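Here is the file model14.txt (compact mmCIF, C-alpha atoms and all ligand atoms).
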```txt
# COMPACT_ATOMS: atom_id res chain seq x y z
CA MET A 1 -3.53 -40.72 -35.68
CA ILE A 2 -2.95 -37.40 -33.96
CA ASP A 3 -5.21 -36.72 -31.03
CA PRO A 4 -5.51 -32.88 -31.02
CA GLU A 5 -6.73 -32.76 -27.44
CA LYS A 6 -3.85 -34.88 -26.19
CA ASP A 7 -1.42 -32.86 -28.30
CA LEU A 8 -2.68 -29.60 -26.86
CA SER A 9 -2.44 -30.84 -23.31
CA LEU A 10 1.14 -31.95 -23.97
CA THR A 11 2.06 -28.50 -25.32
CA VAL A 12 0.41 -26.85 -22.34
CA GLN A 13 2.38 -29.16 -20.07
CA GLU A 14 5.63 -28.31 -21.86
CA LEU A 15 4.87 -24.60 -21.66
CA THR A 16 4.05 -24.91 -17.97
CA ASN A 17 7.34 -26.71 -17.38
CA ALA A 18 9.31 -24.11 -19.34
CA TYR A 19 7.60 -21.29 -17.45
CA GLU A 20 8.28 -22.99 -14.15
CA GLU A 21 11.95 -23.38 -15.06
CA LEU A 22 12.27 -19.77 -16.22
CA SER A 23 10.58 -18.23 -13.22
CA LEU A 24 12.69 -20.42 -10.97
CA LEU A 25 15.91 -19.24 -12.61
CA TYR A 26 14.76 -15.67 -12.31
CA ARG A 27 13.94 -16.08 -8.61
CA ILE A 28 17.28 -17.70 -7.89
CA SER A 29 19.53 -15.31 -9.81
CA GLU A 30 17.70 -12.32 -8.35
CA VAL A 31 18.10 -13.33 -4.74
CA PHE A 32 21.60 -14.74 -4.89
CA SER A 33 23.51 -11.51 -5.18
CA PHE A 34 25.07 -10.53 -1.85
CA LEU A 35 23.75 -13.46 0.16
CA SER A 36 26.03 -15.34 2.51
CA ILE A 37 26.96 -18.95 1.71
CA ASP A 38 24.60 -20.30 4.39
CA GLU A 39 21.76 -18.15 3.10
CA ILE A 40 22.34 -19.31 -0.48
CA CYS A 41 22.41 -22.98 0.58
CA SER A 42 19.29 -22.65 2.67
CA ARG A 43 17.42 -21.00 -0.24
CA ILE A 44 18.59 -23.71 -2.62
CA ALA A 45 17.30 -26.43 -0.32
CA ASN A 46 13.96 -24.66 0.11
CA GLU A 47 13.67 -24.02 -3.61
CA ALA A 48 14.31 -27.71 -4.31
CA ILE A 49 11.67 -28.75 -1.74
CA ASN A 50 9.05 -26.39 -3.17
CA SER A 51 9.77 -26.77 -6.87
CA LEU A 52 10.08 -30.54 -6.88
CA GLY A 53 7.60 -31.39 -4.13
CA VAL A 54 10.03 -33.54 -2.14
CA LYS A 55 10.24 -34.27 1.57
CA THR A 56 14.03 -34.03 1.86
CA ALA A 57 16.75 -31.81 0.42
CA ALA A 58 20.40 -31.48 1.38
CA VAL A 59 23.28 -29.34 0.16
CA LEU A 60 26.55 -31.24 0.52
CA PHE A 61 30.03 -29.73 0.24
CA VAL A 62 33.22 -31.56 -0.72
CA ASP A 63 35.89 -31.02 1.98
CA GLU A 64 39.21 -29.29 1.23
CA LYS A 65 41.04 -32.55 0.51
CA GLY A 66 38.30 -33.71 -1.83
CA GLU A 67 37.82 -36.91 0.15
CA ARG A 68 34.61 -36.39 2.10
CA LEU A 69 31.19 -34.89 1.69
CA PHE A 70 29.65 -33.06 4.60
CA THR A 71 26.20 -31.52 5.00
CA LYS A 72 26.03 -27.74 4.75
CA ILE A 73 22.24 -27.42 5.00
CA SER A 74 19.48 -30.02 5.08
CA ILE A 75 15.71 -30.13 5.35
CA GLY A 76 13.64 -33.22 6.15
CA ASN A 77 14.80 -36.73 6.72
CA TRP A 78 18.59 -36.30 6.54
CA ASP A 79 21.37 -37.09 8.98
CA ARG A 80 23.33 -33.83 9.21
CA ASP A 81 26.29 -35.39 10.98
CA MET A 82 26.83 -38.01 8.31
CA GLU A 83 30.05 -37.67 6.31
CA ILE A 84 30.31 -39.59 3.08
CA VAL A 85 33.87 -40.72 2.37
CA ARG A 86 34.73 -40.88 -1.35
CA ASP A 87 33.32 -44.17 -2.66
CA ASN A 88 31.56 -45.64 -5.70
CA GLY A 89 28.12 -44.82 -4.39
CA VAL A 90 25.37 -42.81 -6.02
CA ILE A 91 26.35 -39.37 -4.74
CA TRP A 92 30.08 -39.49 -5.45
CA LYS A 93 29.36 -41.07 -8.85
CA SER A 94 27.22 -38.10 -9.78
CA ILE A 95 29.96 -35.69 -8.62
CA GLU A 96 32.67 -37.52 -10.56
CA THR A 97 30.67 -37.72 -13.78
CA ARG A 98 29.30 -34.21 -13.22
CA ARG A 99 25.86 -35.49 -14.21
CA PRO A 100 22.57 -35.68 -12.32
CA SER A 101 21.25 -39.13 -11.49
CA ALA A 102 18.08 -40.55 -9.99
CA TYR A 103 17.43 -43.76 -8.05
CA CYS A 104 13.86 -44.78 -7.49
CA ARG A 105 14.54 -47.82 -5.36
CA LEU A 106 17.60 -46.85 -3.39
CA LYS A 107 17.73 -50.21 -1.66
CA GLU A 108 18.56 -51.91 -4.94
CA THR A 109 21.69 -49.80 -5.36
CA GLY A 110 23.32 -51.41 -2.33
CA TYR A 111 23.80 -47.89 -1.03
CA ASP A 112 21.31 -48.08 1.76
CA ASP A 113 23.89 -48.26 4.54
CA TYR A 114 24.14 -44.48 4.58
CA LEU A 115 20.70 -43.61 3.37
CA SER A 116 18.48 -46.34 4.74
CA GLN A 117 15.79 -43.83 5.74
CA LEU A 118 15.16 -42.85 2.11
CA THR A 119 13.30 -44.63 -0.70
CA SER A 120 14.12 -42.59 -3.79
CA LEU A 121 16.90 -40.12 -4.41
CA MET A 122 18.05 -37.63 -7.01
CA VAL A 123 21.54 -36.10 -7.00
CA CYS A 124 22.92 -33.20 -8.98
CA PRO A 125 26.52 -31.98 -8.67
CA LEU A 126 27.10 -28.35 -7.72
CA VAL A 127 29.68 -27.13 -10.20
CA GLY A 128 31.28 -23.69 -10.22
CA LYS A 129 33.46 -22.17 -12.94
CA VAL A 130 36.58 -23.47 -11.26
CA LYS A 131 35.67 -26.67 -9.42
CA VAL A 132 33.01 -29.03 -8.13
CA ILE A 133 31.72 -27.65 -4.85
CA GLY A 134 29.49 -30.53 -3.79
CA ALA A 135 26.05 -31.85 -4.57
CA LEU A 136 22.38 -31.05 -4.18
CA VAL A 137 20.44 -34.12 -3.08
CA ILE A 138 16.66 -34.47 -2.96
CA ALA A 139 14.69 -37.46 -1.81
CA ASP A 140 11.16 -38.91 -1.67
CA LYS A 141 8.40 -37.01 -3.43
CA GLU A 142 5.44 -35.99 -1.28
CA THR A 143 3.16 -37.86 -3.73
CA GLY A 144 5.25 -41.03 -3.54
CA GLU A 145 5.82 -40.82 -7.32
CA GLU A 146 9.07 -41.63 -9.06
CA PHE A 147 11.39 -38.93 -10.40
CA PHE A 148 10.83 -37.97 -14.06
CA SER A 149 13.10 -36.30 -16.61
CA ASN A 150 11.46 -32.96 -15.95
CA ASP A 151 12.49 -33.23 -12.29
CA SER A 152 16.05 -33.80 -13.40
CA LYS A 153 15.87 -30.68 -15.60
CA LEU A 154 14.56 -28.57 -12.72
CA LEU A 155 17.15 -29.88 -10.28
CA SER A 156 19.93 -29.24 -12.84
CA ALA A 157 18.68 -25.67 -13.32
CA ILE A 158 18.73 -25.01 -9.57
CA SER A 159 22.16 -26.65 -9.19
CA ALA A 160 23.73 -24.75 -12.09
CA GLN A 161 22.75 -21.38 -10.61
CA ALA A 162 23.59 -22.50 -7.10
CA GLY A 163 27.08 -23.75 -8.05
CA LEU A 164 28.03 -20.38 -9.52
CA ALA A 165 26.45 -18.40 -6.69
CA ILE A 166 28.21 -20.45 -4.00
CA GLU A 167 31.55 -20.20 -5.79
CA ASN A 168 31.14 -16.43 -6.11
CA ALA A 169 30.21 -16.13 -2.45
CA LEU A 170 33.23 -18.25 -1.43
CA LEU A 171 35.53 -16.14 -3.57
CA TYR A 172 33.97 -12.93 -2.29
CA LYS A 173 34.38 -14.06 1.32
CA GLU A 174 38.04 -14.91 0.72
CA LEU A 175 38.73 -11.54 -0.92
CA GLU A 176 36.79 -9.68 1.73
CA SER A 177 38.74 -11.21 4.60
CA LEU A 178 42.02 -10.49 2.79
CA LEU A 179 41.02 -6.90 2.21
CA LEU A 180 39.65 -6.33 5.71
CA GLY A 181 42.80 -7.91 7.16
CA ALA A 182 44.98 -5.48 5.22
CA ILE A 183 42.77 -2.54 6.21
CA ARG A 184 42.82 -3.50 9.89
CA SER A 185 46.64 -3.65 9.86
CA LEU A 186 46.72 -0.16 8.37
CA VAL A 187 44.33 1.09 11.05
CA LYS A 188 46.41 -0.57 13.77
CA ALA A 189 49.49 1.21 12.46
CA LEU A 190 47.57 4.48 12.58
CA GLU A 191 46.17 4.02 16.09
CA ALA A 192 49.58 2.96 17.38
CA SER A 193 50.96 6.33 16.33
CA SER A 194 48.49 8.25 18.50
CA CYS A 195 47.66 7.68 22.13
CA TRP A 196 44.28 9.44 21.80
CA THR A 197 42.62 7.50 19.01
CA ALA A 198 42.60 3.94 20.36
CA GLY A 199 39.34 2.25 19.43
CA HIS A 200 38.04 5.36 17.61
CA THR A 201 38.02 3.66 14.21
CA GLU A 202 36.14 0.55 15.37
CA ARG A 203 33.54 2.69 17.18
CA VAL A 204 33.01 5.01 14.20
CA THR A 205 32.58 1.89 12.06
CA GLU A 206 29.96 0.49 14.44
CA TYR A 207 28.07 3.81 14.61
CA SER A 208 28.18 4.33 10.84
CA ILE A 209 26.77 0.87 10.16
CA GLY A 210 24.03 1.49 12.76
CA ILE A 211 23.05 4.76 11.06
CA GLY A 212 23.28 3.20 7.58
CA ARG A 213 20.97 0.33 8.57
CA HIS A 214 18.43 2.79 10.01
CA MET A 215 18.53 4.66 6.68
CA GLY A 216 17.61 1.39 4.94
CA LEU A 217 20.84 1.12 2.93
CA GLY A 218 21.42 -2.17 1.11
CA SER A 219 24.14 -4.63 2.10
CA GLU A 220 26.43 -3.55 -0.75
CA VAL A 221 26.43 0.08 0.45
CA ILE A 222 26.80 -1.02 4.08
CA GLU A 223 29.88 -3.02 3.08
CA LYS A 224 31.41 0.07 1.43
CA LEU A 225 30.43 2.20 4.41
CA LYS A 226 32.22 -0.23 6.70
CA ILE A 227 35.45 0.04 4.70
CA SER A 228 35.09 3.84 4.49
CA ALA A 229 34.66 4.05 8.26
CA LEU A 230 37.62 1.79 8.93
CA LEU A 231 39.77 3.97 6.69
CA HIS A 232 38.25 7.42 7.30
CA ASP A 233 41.24 8.79 9.25
CA ILE A 234 43.96 6.84 7.45
CA GLY A 235 45.46 10.15 6.22
CA LYS A 236 46.53 10.85 9.80
CA ILE A 237 49.34 8.34 9.21
CA ALA A 238 51.10 11.27 7.52
CA THR A 239 50.30 13.76 10.33
CA PRO A 240 53.32 14.45 12.58
CA LYS A 241 53.13 12.43 15.82
CA GLU A 242 53.83 15.52 17.95
CA ILE A 243 50.61 17.05 16.67
CA LEU A 244 48.50 13.90 17.05
CA ASN A 245 49.79 13.39 20.59
CA LYS A 246 49.93 17.01 21.73
CA ASN A 247 48.73 17.32 25.28
CA GLY A 248 46.84 20.59 25.02
CA LYS A 249 45.15 22.91 22.54
CA LEU A 250 46.40 22.93 18.94
CA ASP A 251 47.61 26.19 17.42
CA GLU A 252 46.46 27.44 14.02
CA ASP A 253 49.29 25.81 12.05
CA GLU A 254 48.70 22.51 13.79
CA TRP A 255 44.99 22.65 12.90
CA ILE A 256 45.95 23.29 9.27
CA GLU A 257 48.14 20.19 9.42
CA ILE A 258 45.34 18.07 11.00
CA LYS A 259 42.84 19.28 8.40
CA ARG A 260 44.99 17.82 5.62
CA HIS A 261 44.17 14.25 6.68
CA PRO A 262 41.01 13.71 4.56
CA ALA A 263 42.84 14.71 1.37
CA LEU A 264 45.92 12.70 2.37
CA GLY A 265 43.74 9.65 3.04
CA ALA A 266 42.21 9.95 -0.43
CA GLU A 267 45.69 10.27 -1.92
CA ILE A 268 46.98 7.16 -0.13
CA LEU A 269 44.14 5.07 -1.58
CA VAL A 270 43.95 6.64 -5.03
CA GLU A 271 45.45 3.60 -6.79
CA LEU A 272 42.57 1.38 -5.64
CA LYS A 273 40.27 1.95 -8.59
CA GLN A 274 37.40 -0.11 -7.11
CA PHE A 275 37.45 2.18 -4.06
CA LYS A 276 36.24 5.26 -5.93
CA GLU A 277 33.17 5.90 -3.72
CA ILE A 278 35.07 4.95 -0.57
CA ILE A 279 37.86 7.41 -1.41
CA LEU A 280 35.35 10.22 -1.96
CA SER A 281 33.61 9.54 1.34
CA ILE A 282 36.97 9.65 3.13
CA LYS A 283 37.97 12.83 1.37
CA TYR A 284 34.74 14.62 2.34
CA HIS A 285 34.02 13.28 5.83
CA HIS A 286 34.66 16.68 7.44
CA GLU A 287 32.37 18.68 5.13
CA HIS A 288 29.43 20.53 6.64
CA TRP A 289 25.87 20.14 5.27
CA ASP A 290 25.39 23.96 4.98
CA GLY A 291 28.69 24.37 3.09
CA LYS A 292 30.23 26.51 5.85
CA ASN A 293 33.31 25.62 7.89
CA GLY A 294 34.09 22.44 5.95
CA ILE A 295 37.46 21.75 4.37
CA PHE A 296 36.49 21.76 0.68
CA GLY A 297 33.31 23.87 0.90
CA LEU A 298 30.98 21.16 -0.48
CA LYS A 299 27.33 21.57 0.45
CA GLY A 300 24.18 19.42 0.89
CA GLU A 301 23.97 16.50 -1.48
CA GLU A 302 27.24 17.47 -3.15
CA ILE A 303 28.74 15.67 -0.17
CA PRO A 304 28.57 11.90 -0.74
CA LEU A 305 26.01 10.15 1.48
CA MET A 306 28.61 7.89 3.10
CA ALA A 307 30.67 10.96 4.02
CA ARG A 308 27.61 12.58 5.64
CA ILE A 309 27.08 9.42 7.71
CA LEU A 310 30.77 9.24 8.69
CA SER A 311 30.61 12.88 9.75
CA VAL A 312 27.87 12.23 12.35
CA ALA A 313 29.42 8.97 13.59
CA ASP A 314 32.86 10.59 13.83
CA ALA A 315 31.57 13.65 15.71
CA PHE A 316 29.58 11.52 18.15
CA ASP A 317 32.62 9.41 19.02
CA ALA A 318 34.91 12.44 19.22
CA MET A 319 32.52 14.15 21.66
CA THR A 320 32.11 11.10 23.86
CA SER A 321 35.86 10.31 24.01
CA ASP A 322 38.61 12.11 25.89
CA ARG A 323 40.76 14.34 23.72
CA PRO A 324 43.75 16.40 24.80
CA TYR A 325 42.23 19.68 23.65
CA ARG A 326 38.78 19.42 25.25
CA GLN A 327 36.69 17.62 27.79
CA MET A 328 34.60 14.59 27.05
CA LYS A 329 30.81 15.11 26.85
CA SER A 330 28.24 12.76 28.33
CA ARG A 331 26.37 10.56 25.87
CA GLU A 332 23.16 12.59 26.37
CA ASP A 333 24.94 15.94 25.85
CA ALA A 334 26.59 14.61 22.70
CA ILE A 335 23.20 13.51 21.32
CA ILE A 336 21.75 16.98 22.07
CA GLU A 337 24.73 18.60 20.31
CA ILE A 338 24.28 16.43 17.20
CA GLU A 339 20.56 17.33 17.13
CA ARG A 340 21.43 21.04 17.53
CA CYS A 341 23.75 20.85 14.51
CA SER A 342 21.20 19.10 12.28
CA GLY A 343 20.81 21.17 9.10
CA THR A 344 24.02 23.14 9.69
CA GLN A 345 26.92 20.75 10.24
CA PHE A 346 24.98 17.53 9.62
CA ASP A 347 22.49 16.19 7.09
CA PRO A 348 19.07 16.21 8.88
CA GLU A 349 18.14 12.81 7.41
CA VAL A 350 21.35 11.27 8.72
CA VAL A 351 20.72 12.87 12.12
CA ASN A 352 17.19 11.36 12.19
CA ALA A 353 18.62 7.90 11.48
CA PHE A 354 21.34 8.51 14.09
CA LEU A 355 18.70 9.41 16.72
CA LEU A 356 16.69 6.30 15.91
CA TRP A 357 19.81 4.19 16.11
CA VAL A 358 21.24 5.79 19.25
CA ARG A 359 17.93 5.54 21.10
CA GLY A 360 17.46 1.90 20.15
CA PHE A 361 21.05 1.27 21.12
CA THR A 362 20.69 2.97 24.49
CA GLN A 363 17.47 1.09 25.26
CA LEU A 364 19.09 -2.18 24.33
CA HIS A 365 21.96 -1.50 26.70
CA GLN A 366 19.65 -0.36 29.49
CA VAL A 367 17.52 -3.48 29.14
CA SER A 368 20.56 -5.73 29.24
CA GLY A 369 21.85 -3.89 32.29
CA PHE A 370 24.98 -2.34 30.78
FE FE B 401 38.74 12.66 10.42
```
structure tokens encoding of this file:
Amino acid sequence: MIDPEKDLSLTVQELTNAYEELSLLYRISEVFSFLSIDEICSRIANEAINSLGVKTAAVLFVDEKGERLFTKISIGNWDRDMEIVRDNGVIWKSIETRRPSAYCRLKETGYDDYLSQLTSLMVCPLVGKVKVIGALVIADKETGEEFFSNDSKLLSAISAQAGLAIENALLYKELESLLLGAIRSLVKALEASSCWTAGHTERVTEYSIGIGRHMGLGSEVIEKLKISALLHDIGKIATPKEILNKNGKLDEDEWIEIKRHPALGAEILVELKQFKEIILSIKYHHEHWDGKNGIFGLKGEEIPLMARILSVADAFDAMTSDRPYRQMKSREDAIIEIERCSGTQFDPEVVNAFLLWVRGFTQLHQVSGF
């Protein structure tokens, strides 16, 4: 006979489980974009602890040769230094079969050499689109209960999202270091052709990121800003060396030649379709906020935000560095000059962020005695 009360409570339980699973997936997919690998792993471990009510969670990665498992992140009763060489034990078995598995009395598995501190264990492989990355292991419920099928479903849901997120982050990191390596070689080639610009690019990059952070820009924009700053003067590769290295004031023709570098930079990079915003910020990094005295005559918000940031960072470094055609200003004088040009040459909002950044920066250096 059907017991309506029992039936209802079962449905409620199923709904609760489904809701829990859905909200968990939502939380994970939302936070995983643009996190580092360590951040992703730490969130996975925390999510597993909270969602499944366990004392221990560990994210394990398979090493490059595919022979050992090492701990990336762990919480609770786990030996971080332990490496698990490929064997027939519970964790490797789950990785090889690509299926989750649970062991309520670990001692009976004969696998308690490694994991003698634990009573019960659940493992789920972390699988990306391309390969198995490792495993998510949880152990010992706070309540002392066994693991149920619903726990396995939750752990699989976390692992499925985590596997893809980690693989993406690994791929992104690899691409990013390739790209930044190529960019840095280009910048080196540029700085080698001029004796006045050594270190300029790295400093402008540091200043731009400082301003960007004080404007509250997200990590995706900051990443683009970094590449824009590294490449902002790349067009000078095509500027004659005699002009770049001239020891004295430039004449009118030479200024015309120098002023071509933003457009040349944009032209050099035009084939990189994913660089659209970066190219525009390079092209317009010498525009003035009031539309006067710039190269292309853009004005206000017609000038891309990253270009407006580069403009302040670039001017600050130019003023505080020695150049053949004018004397270097003190840091304080350069700050005053930037403030004076707020609303004419520079975007006032960018200048405000610059002042916040530069003051924080100065204090930091005074405190540390530099
Ligand atoms: Fe420039």
Q) Counting all atoms listed in the file, what residues are within 10 Å of ligand FE 401 (chain B), given as a list in words? A)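 Within the 10 Å cut-off, the matching residues are Thr201, Ala229, Leu231, His232, Asp233, Ile234, Gly235, Lys236, Ile258, Lys259, Arg260, His261, Pro262, Gly265, Ile282, Lys283, Tyr284, His285, His286, Leu310, Ser311, Asp314, Ala315 and Ala318 of chain A.
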Q. Between A:Ile222, A:Thr143, A:Leu179, A:Ala157, which one has atoms that come closest to Leu272 in chain A, using all atoms listed in the file?
A.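 For Leu272 in chain A, the nearest of the candidates is A:Leu179.
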Q: Find the distance between CA of Ile133 in chain A and CA of Val62 in chain A and write it in Å to one decimal.
A: 5.9 Å
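Compared by their closest atoms to Ile158 in chain A, and using all atoms listed in the file, the residues A:Ser36, A:Thr56, A:Asn46, A:Ser219 rank with A:Asn46 nearest.
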Q: For His288 in chain A, list every protein, DNA or RNA residue within 12 Å, evaluated using all atoms listed in the file, and leave out those in the same chain fewer than 4 positions away; present the list as a list in words.
A: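 Once the adjacent positions are removed, what remains is Tyr284, Lys292, Asn293, Gly294, Ile295, Phe296, Gly297, Leu298, Lys299, Gly300, Glu301, Glu302, Ile303, Pro304, Ala307, Arg308, Ile309, Leu310, Ser311, Val312, Ala315, Cys341, Ser342, Gly343, Thr344, Gln345, Phe346, Asp347 and Pro348 of chain A.
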Q.
So the first atom is CA of Tyr207 in chain A and the second is CA of Leu178 in chain A; what is the distance between them in Å, to one decimal place?
A.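 We find that CA of Tyr207 in chain A and CA of Leu178 in chain A lie 23.2 Å from each other.
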Q. Once you count all atoms listed in the file, which residues end up no further than 12 Å from (52.7, 10.7, 15.9) in the file's frame, shown as a count of residues only?
A. 21
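Take CA of Asp290 in chain A and CA of Glu254 in chain A: the distance between them is 25.0 Å.
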Q. Taking (20.6, -36.8, -9.9) in the file's coordinates as the center, which residues reach within 8 Å of it, counting all atoms listed in the file, put as a PyMOL selection string?
A. chain A and resi 94+99-103+121-125+137+152+155
Would you output that residue set with C-alpha atoms, as a short mmCIF file (atom, residue, chain, number, x, y, z; two decimals), in the coordinates of the input?
```
data_model
loop_
_atom_site.label_atom_id
_atom_site.label_comp_id
_atom_site.auth_asym_id
_atom_site.auth_seq_id
_atom_site.Cartn_x
_atom_site.Cartn_y
_atom_site.Cartn_z
CA SER A 94 27.22 -38.10 -9.78
CA ARG A 99 25.86 -35.49 -14.21
CA PRO A 100 22.57 -35.68 -12.32
CA SER A 101 21.25 -39.13 -11.49
CA ALA A 102 18.08 -40.55 -9.99
CA TYR A 103 17.43 -43.76 -8.05
CA LEU A 121 16.90 -40.12 -4.41
CA MET A 122 18.05 -37.63 -7.01
CA VAL A 123 21.54 -36.10 -7.00
CA CYS A 124 22.92 -33.20 -8.98
CA PRO A 125 26.52 -31.98 -8.67
CA VAL A 137 20.44 -34.12 -3.08
CA SER A 152 16.05 -33.80 -13.40
CA LEU A 155 17.15 -29.88 -10.28
#
```
Q) Counting only C-alpha atoms, what is within 7 Å of range 69-80 of chain A, bar same-chain residues fewer than 3 positions away, as a PyMOL selection string? A) chain A and resi 41-42+45+55-63+83-85
Emit the selected residues as a PDB file, keeping the file's coordinate frame, including C-alpha atoms.
```pdb
ATOM      1  CA  CYS A  41      22.410 -22.980   0.580  1.00  0.00           C
ATOM      2  CA  SER A  42      19.290 -22.650   2.670  1.00  0.00           C
ATOM      3  CA  ALA A  45      17.300 -26.430  -0.320  1.00  0.00           C
ATOM      4  CA  LYS A  55      10.240 -34.270   1.570  1.00  0.00           C
ATOM      5  CA  THR A  56      14.030 -34.030   1.860  1.00  0.00           C
ATOM      6  CA  ALA A  57      16.750 -31.810   0.420  1.00  0.00           C
ATOM      7  CA  ALA A  58      20.400 -31.480   1.380  1.00  0.00           C
ATOM      8  CA  VAL A  59      23.280 -29.340   0.160  1.00  0.00           C
ATOM      9  CA  LEU A  60      26.550 -31.240   0.520  1.00  0.00           C
ATOM     10  CA  PHE A  61      30.030 -29.730   0.240  1.00  0.00           C
ATOM     11  CA  VAL A  62      33.220 -31.560  -0.720  1.00  0.00           C
ATOM     12  CA  ASP A  63      35.890 -31.020   1.980  1.00  0.00           C
ATOM     13  CA  GLU A  83      30.050 -37.670   6.310  1.00  0.00           C
ATOM     14  CA  ILE A  84      30.310 -39.590   3.080  1.00  0.00           C
ATOM     15  CA  VAL A  85      33.870 -40.720   2.370  1.00  0.00           C
TER      16      VAL A  85
END
```
Q) Given the choices A:Arg359, A:Asp317, A:Phe354, A:Ala266, which gets closest to Gly210 in chain A if the distance is worked out from all atoms listed in the file? A) A:Phe354
As a PDB file with C-alpha atoms, in the frame of the given file, please: the residues near Leu225 in chain A (cut-off 8 Å, only C-alpha atoms, same-chain neighbours under 3 positions excluded).
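Result written to around34.pdb:
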```pdb
ATOM      1  CA  THR A 205      32.580   1.890  12.060  1.00  0.00           C
ATOM      2  CA  SER A 208      28.180   4.330  10.840  1.00  0.00           C
ATOM      3  CA  ILE A 209      26.770   0.870  10.160  1.00  0.00           C
ATOM      4  CA  GLY A 212      23.280   3.200   7.580  1.00  0.00           C
ATOM      5  CA  VAL A 221      26.430   0.080   0.450  1.00  0.00           C
ATOM      6  CA  ILE A 222      26.800  -1.020   4.080  1.00  0.00           C
ATOM      7  CA  SER A 228      35.090   3.840   4.490  1.00  0.00           C
ATOM      8  CA  ALA A 229      34.660   4.050   8.260  1.00  0.00           C
ATOM      9  CA  ILE A 278      35.070   4.950  -0.570  1.00  0.00           C
ATOM     10  CA  MET A 306      28.610   7.890   3.100  1.00  0.00           C
TER      11      MET A 306
END
```
**Q.** From A:Thr320, A:Ala48, A:Glu202, A:Lys141, residue lying nearest Asp333 in chain A [all atoms listed in the file]
**A.**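 When distances to Asp333 in chain A are compared using all atoms listed in the file, the smallest one comes from A:Thr320.
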Q | All residues 8 Å or closer to Ile166 in chain A, all atoms listed in the file, same chain fewer than 6 positions away omitted, as a PyMOL selection string | A | chain A and resi 37+40-41+128
Q | Nearest-residue call for Thr119 in chain A, choices A:Gly53, A:Gly218, A:Gly144, A:Gly248, using all atoms listed in the file | A | A:Gly144
**Q.** Nearest to Glu332 in chain A by atom-to-atom distance, counting only C-alpha atoms, from A:Ile91, A:Leu52, A:Ala165, A:Leu355
**A.** A:Leu355
